[in-house]
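Student: My questions all concern the structure below.
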Amino acid sequence: MKPEERFLKYTAFDTQSDGESGSHPSTKRQLELAEYLKRELQEIGISDVVLTDDCYVYAKIPASAGYETRKKLGFIAHMDTSPDFSGENVRARVIANYDGGDVPLGDSGLVLSPKSFPHLSAWRGRTLITTDGKTLLGADDKAGIAEIMTLAEELTASGLPHGPVRIAFTPDEEIGEGADGFDLSLFDADFAYTADGDLEGGLEYENFNAASAVFEVQGVNVHPGTAKDIMVNAALVATEIARSLPKDETPAKTEGYEGFFHLTEMTGNVERAKLSYIVRDHDKEKFEEKLKTLNSIAEAFIQAYGEGTVRLTIQEQYRNMREKIEENFHLVENAKIAAKRCGIESKVAPIRGGTDGARLSFMGLPCPNLGTGGFAFHGPYEHVSVEGMRKATEILLTIVSIYSEF
């Protein structure tokens with residue numbers, strides 16, 4: 001079965017995760033896809049397949065005869081889709097021989113256009129898979145799942161010589177919990193790749209250092225007619241805090257390796273207010289400086305308004321995986337070689353976000369990220385090309401071939 005055929009089947013499963021549920025997996029609907037994938041793995045001839053109670057699927061493909069001592073290579077993708085946009089009743093649209101122009105997304109009034117997504121101009125003649133404009137598509141990361149499943153079928157059916165190959169499909173990546181229950185011993189790989197990037201040939205081994213930061217402001221609320229030198233308006237103090245942060249270090253004004261402070265939520269009144277931020281930077285020293293900036297701001301406002309007025313809570317979330325990948329740089333070099341053998345140059349770029357691979361790398365499983373052929377994830381403009389998915393699958397197979405010699 002071709003990867004696009006699998007992908008279209010997987011889009012029928014609503015697998016949105018839910019960061020507020022407190023359960024693992026965060027939504028039971030993810031288990032429906034997990035059970036389907038377990039059966040499919042068994043049907044293509046893989047006997048060693050495990051589905052855990054917390055919705056992790058693990059599969060082991062034994063090495064070809066004579067290749068048993070090769071390094072154990074893994075591939076990982078996640079089953080959940082973003083909780084930020086509907087993944088229910090996805091109606092994927094297949095557009096053959098794309099003409100390179102605007103694509104109306106059903107009757108939604110939305111248009112997928114090369115003006116907004118310039119890479120589309122180079123996709124003339126490809127077959128596109130898009131949404132109808134009312135849901136996300138699910139290419140993040142069902143395209144990755146489809147490509148890994150196709151890889152598994154090829155390895156079991158084609159006789160391609162290979163070392164031991166490991167597969168895992170995880171829940172809840174989109175809410176930052178995909179690595180929480182990952183069992184390294186059950187997966188049993190020396191190193192791995194996540195198939196969770198965008199355009200085919202993409203290669204990512206750097207991500208943000210990340211933290212959350214919450215300012216809580218306690219005000220003093222008295223009648224406004226007698227408030228002079230008494231009232232502390234928590235909402236106004238919160239706006240002062242927001243203005244104290246560097247105005248050009250926001251997501252809207254940064255790109256590439258540039259970090260940011262991102263105000264994700266602001267609530268408040270005279271009595272109490274709260275500012276919620278995420279803080280990101282690829283550079284470790286710059287990241288630490290950002291955290292110092294936050295602490296300095298909090299201290300300044302405590303000095304200005306009194307002890308107990310402002311409380312800052314910082315929680316580190318993940319670190320840049322580059323330092324772990326550099327210790328295993330063959331993963332990057334061999335991914336580049338694989339892409340070149342498949343006729344394209346790797347597109348190396350930093351991830352302006354996080355990935356399960358970052359946390360797994362620090363857990364002891366070095367894990368860079370590969371492109372899957374999709375784009376514009378997490379919303380109605382999400383799209384993927386059939387040719388891109390096939391090329392991404394070809395790259396995975398070539399990586400396996402390279403590591404059969406490793």
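Ligands are numbered from 1 in the order shown, chains are lettered A, B, ... in the order of the structure tokens, and residues start at 1 in each chain.
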List the spatial neighbours of region 188-202 of chain A as number ranges by chain - criterion: any atom at most 8 Å away, only C-alpha atoms, same-chain residues fewer than 5 positions off excluded.
Tutor: A: 71-78, 140-141, 144-145, 148, 165-166, 339, 344-349, 356-357, 365-375, 388-389, 391-392, 395
Student: What's the 6 Å shell around Thr393 (chain A), counting only C-alpha atoms, without same-chain residues fewer than 3 positions away, as a list in words?
Tutor: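 Near Thr393 (chain A), the qualifying residues are Glu147, Arg390 and Leu396 of chain A.
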Student: Create the file for the chosen residues now, containing C-alpha atoms and written as a PDB file, in the first residue's frame.
Tutor:
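This went into out.pdb:
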```
ATOM      1  CA  GLU A 147       5.477   6.708   5.813  1.00  0.00           C
ATOM      2  CA  ARG A 390       6.587   9.054  -1.368  1.00  0.00           C
ATOM      3  CA  LEU A 396      13.470   6.483   5.332  1.00  0.00           C
TER       4      LEU A 396
END
```
Student: Between A:Gly379, A:Gly176, A:Pro62, A:Pro83, which residue has the minimum interatomic distance to Tyr318 (chain A), considering only C-alpha atoms?
Tutor: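 Counting only C-alpha atoms, the residue closest to Tyr318 (chain A) is A:Gly176.
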Student: Pick out the residues sitting within 10 Å of Cys55 (chain A), and hand them over as a list of chain:residue names; count only C-alpha atoms, and ignore anything fewer than 6 positions along from it in its own chain.
Tutor: A:His24, A:Pro25, A:Ser26, A:Thr27, A:Lys28, A:Gln30, A:Leu31, A:Glu32, A:Leu33, A:Ala34, A:Glu35, A:Met79, A:Phe169, A:Thr170, A:Pro171, A:Asp172, A:Gly181, A:Phe182
Student: What does the distance from CA of Leu397 (chain A) to CA of Glu5 (chain A) come to in Å, to one decimal?
Tutor: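 A separation of 18.0 Å between them.
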Student: Could you pull out the residues in region 23-114 of chain A that DSSP calls helix (DSSP H, G or I) from the backbone, as an MDAnalysis selection string?
Tutor: chainID A and resid 29:43
Student: Each residue of region 32-95 of chain A lying at most 6 Å from region 13-19 of chain A should get a row with its shortest atom-to-atom pair and the distance in Å to one decimal, counting only C-alpha atoms; could you produce that, ordered by chain and increasing number, as a Markdown table?
Tutor:
```
| residue | atom | partner | partner_atom | distance |
| --- | --- | --- | --- | --- |
| A:Asp80 | CA | A:Thr15 | CA | 4.8 |
| A:Thr81 | CA | A:Gln16 | CA | 4.5 |
| A:Ser82 | CA | A:Gln16 | CA | 5.6 |
| A:Pro83 | CA | A:Gln16 | CA | 5.2 |
| A:Gly87 | CA | A:Asp14 | CA | 5.4 |
| A:Glu88 | CA | A:Asp14 | CA | 5.1 |
```
Student: Write the selection just made, keeping N, CA and C atoms, as a CSV table (one decimal), in the first residue's frame?
Tutor:
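Contents of result_30.csv, freshly written:
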```csv
chain,number,residue,atom,x,y,z
A,80,ASP,N,-1.5,11.8,17.8
A,80,ASP,CA,-2.5,12.9,18.1
A,80,ASP,C,-2.3,14.1,17.1
A,81,THR,N,-3.4,14.8,17.0
A,81,THR,CA,-3.4,16.1,16.3
A,81,THR,C,-3.6,17.2,17.2
A,82,SER,N,-3.4,18.4,16.7
A,82,SER,CA,-3.4,19.6,17.6
A,82,SER,C,-4.8,19.8,18.2
A,83,PRO,N,-4.8,20.2,19.5
A,83,PRO,CA,-6.1,20.5,20.1
A,83,PRO,C,-6.7,21.9,19.8
A,87,GLY,N,-10.3,18.4,14.5
A,87,GLY,CA,-9.8,17.3,13.8
A,87,GLY,C,-10.9,16.2,13.6
A,88,GLU,N,-12.2,16.7,13.8
A,88,GLU,CA,-13.3,15.8,13.7
A,88,GLU,C,-14.0,15.9,12.3
```
Student: Which residues are near region 222-237 of chain A? Cut-off 8 Å, only C-alpha atoms, ignore same chain within fewer than 4 positions. Put them as a compact mmCIF listing (two decimals) with N, CA and C atoms, in the first residue's frame.
Tutor:
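Saved the output as part.txt:
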```
# COMPACT_ATOMS: atom_id res chain seq x y z
N VAL A 217 -0.20 38.78 39.93
CA VAL A 217 -0.20 40.10 40.57
C VAL A 217 -1.35 40.17 41.57
N GLN A 218 -1.01 40.52 42.80
CA GLN A 218 -2.02 40.72 43.84
C GLN A 218 -2.21 42.22 44.06
N ILE A 241 4.04 45.30 33.47
CA ILE A 241 4.98 44.18 33.34
C ILE A 241 5.13 43.79 31.87
N THR A 267 -5.17 37.71 32.00
CA THR A 267 -6.45 37.86 32.66
C THR A 267 -6.26 38.80 33.85
N GLY A 268 -7.33 39.49 34.26
CA GLY A 268 -7.16 40.31 35.44
C GLY A 268 -8.26 41.31 35.70
N ASN A 269 -8.23 41.81 36.92
CA ASN A 269 -9.08 42.90 37.36
C ASN A 269 -8.30 43.68 38.40
N VAL A 270 -8.97 44.54 39.14
CA VAL A 270 -8.26 45.35 40.14
C VAL A 270 -7.63 44.46 41.21
N GLU A 271 -8.32 43.40 41.59
CA GLU A 271 -7.87 42.55 42.71
C GLU A 271 -6.70 41.65 42.32
N ARG A 272 -6.82 40.97 41.16
CA ARG A 272 -5.80 40.00 40.76
C ARG A 272 -5.62 40.02 39.25
N ALA A 273 -4.41 39.68 38.82
CA ALA A 273 -4.13 39.58 37.39
C ALA A 273 -3.07 38.51 37.16
N TYR A 305 6.11 48.07 44.29
CA TYR A 305 4.75 47.95 44.82
C TYR A 305 4.65 47.20 46.14
```
Student: Which one of A:Thr239, A:Thr264, A:Asn207, A:Ser276 sits closest to Thr355 (chain A) if you count only C-alpha atoms?
Tutor: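 The closest residue to Thr355 (chain A) is A:Asn207.
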Student: Excluding region 98-101 of chain A and any residue of its chain fewer than 3 positions from it, enumerate the residues within 8 Å of it, using only C-alpha atoms, and give them as JSON, numbers by chain.
Tutor: {"A": [95, 113, 114, 120, 121, 122, 123, 124, 125, 126, 127, 128]}
